[in-house]
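The structure under discussion appears below in the form of structure tokens.
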Amino acid sequence: GDPIGQAIDFVNEDGIDGQNNPKEFEVLPEYNWLLKNAGRFNFVLSYPKDSKDGIAFEPWHWRYKKKSRK
């Protein structure tokens, strides 16, 4: 089945994970690629900058979101 409720934390090949410094991850070409392409694979950014749930911006943390069938 689909991995419902699962998430992934990305780290680039140089070991930058953004955990201690989100701005460091945010400027990576890998993050830019995720912004443009992750949706094609049903992944969404879990905690965007404008998150209403009070959780800090986490550009490395993405969750799987199954597309609804209509």
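Labels used: A, B, ... for chains in the order of the structure tokens, numbers from 1 for residues in each chain, and numbers from 1 for ligands as shown.
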Report task. Would you mind writing down, as a PyMOL selection string, each residue of chain A that DSSP on the backbone assigns to strand (DSSP E)? Result -> chain A and resi 7-9+43-47+58-64
Requested in this report: Skip Leu28 (chain A) itself and residues of its chain fewer than 4 positions away, then list as a ChimeraX atom specification all residues within 10 Å of it, counting only C-alpha atoms.
Outcome: /A:12,16,18,23-24,32-34
With a distance cut-off of 7 Å and only C-alpha atoms, select the neighbouring residues of Pro59 (chain A), excluding the residue or stretch itself and same-chain residues fewer than 3 positions from it, and output the selection as a compact mmCIF listing (two decimals) with N, CA and C atoms, in the first residue's frame.
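result28.txt, written as the output of this step:
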# COMPACT_ATOMS: atom_id res chain seq x y z
N PRO A 22 18.43 26.03 9.50
CA PRO A 22 17.53 25.86 8.36
C PRO A 22 17.92 26.72 7.15
N PHE A 25 20.19 24.96 4.73
CA PHE A 25 19.52 23.99 3.85
C PHE A 25 18.68 24.71 2.80
N GLU A 26 18.07 25.81 3.21
CA GLU A 26 17.14 26.53 2.34
C GLU A 26 17.81 27.06 1.07
N LEU A 45 5.96 19.77 1.74
CA LEU A 45 6.76 20.29 2.83
C LEU A 45 5.92 20.28 4.10
N PRO A 48 6.17 24.46 6.46
CA PRO A 48 6.62 25.62 5.67
C PRO A 48 6.82 26.86 6.54
Report task. Using DSSP on the backbone, list every residue of chain A that comes out as alpha helix (DSSP H), and give them as a ChimeraX atom specification. Result -> /A:22-26,29-37
Report task. Find the residues near Ala7 (chain A): any atom within 12 Å, counting only C-alpha atoms, skip ones fewer than 3 places away on the same chain, and give them as a PyMOL selection string. Result -> chain A and resi 3-4+10+42-47+60-65
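You will find CA of Asp50 (chain A) at 21.5 Å from CA of Gln6 (chain A).
Note that CA of Lys66 (chain A) and CA of Gln19 (chain A) are 26.1 Å apart.
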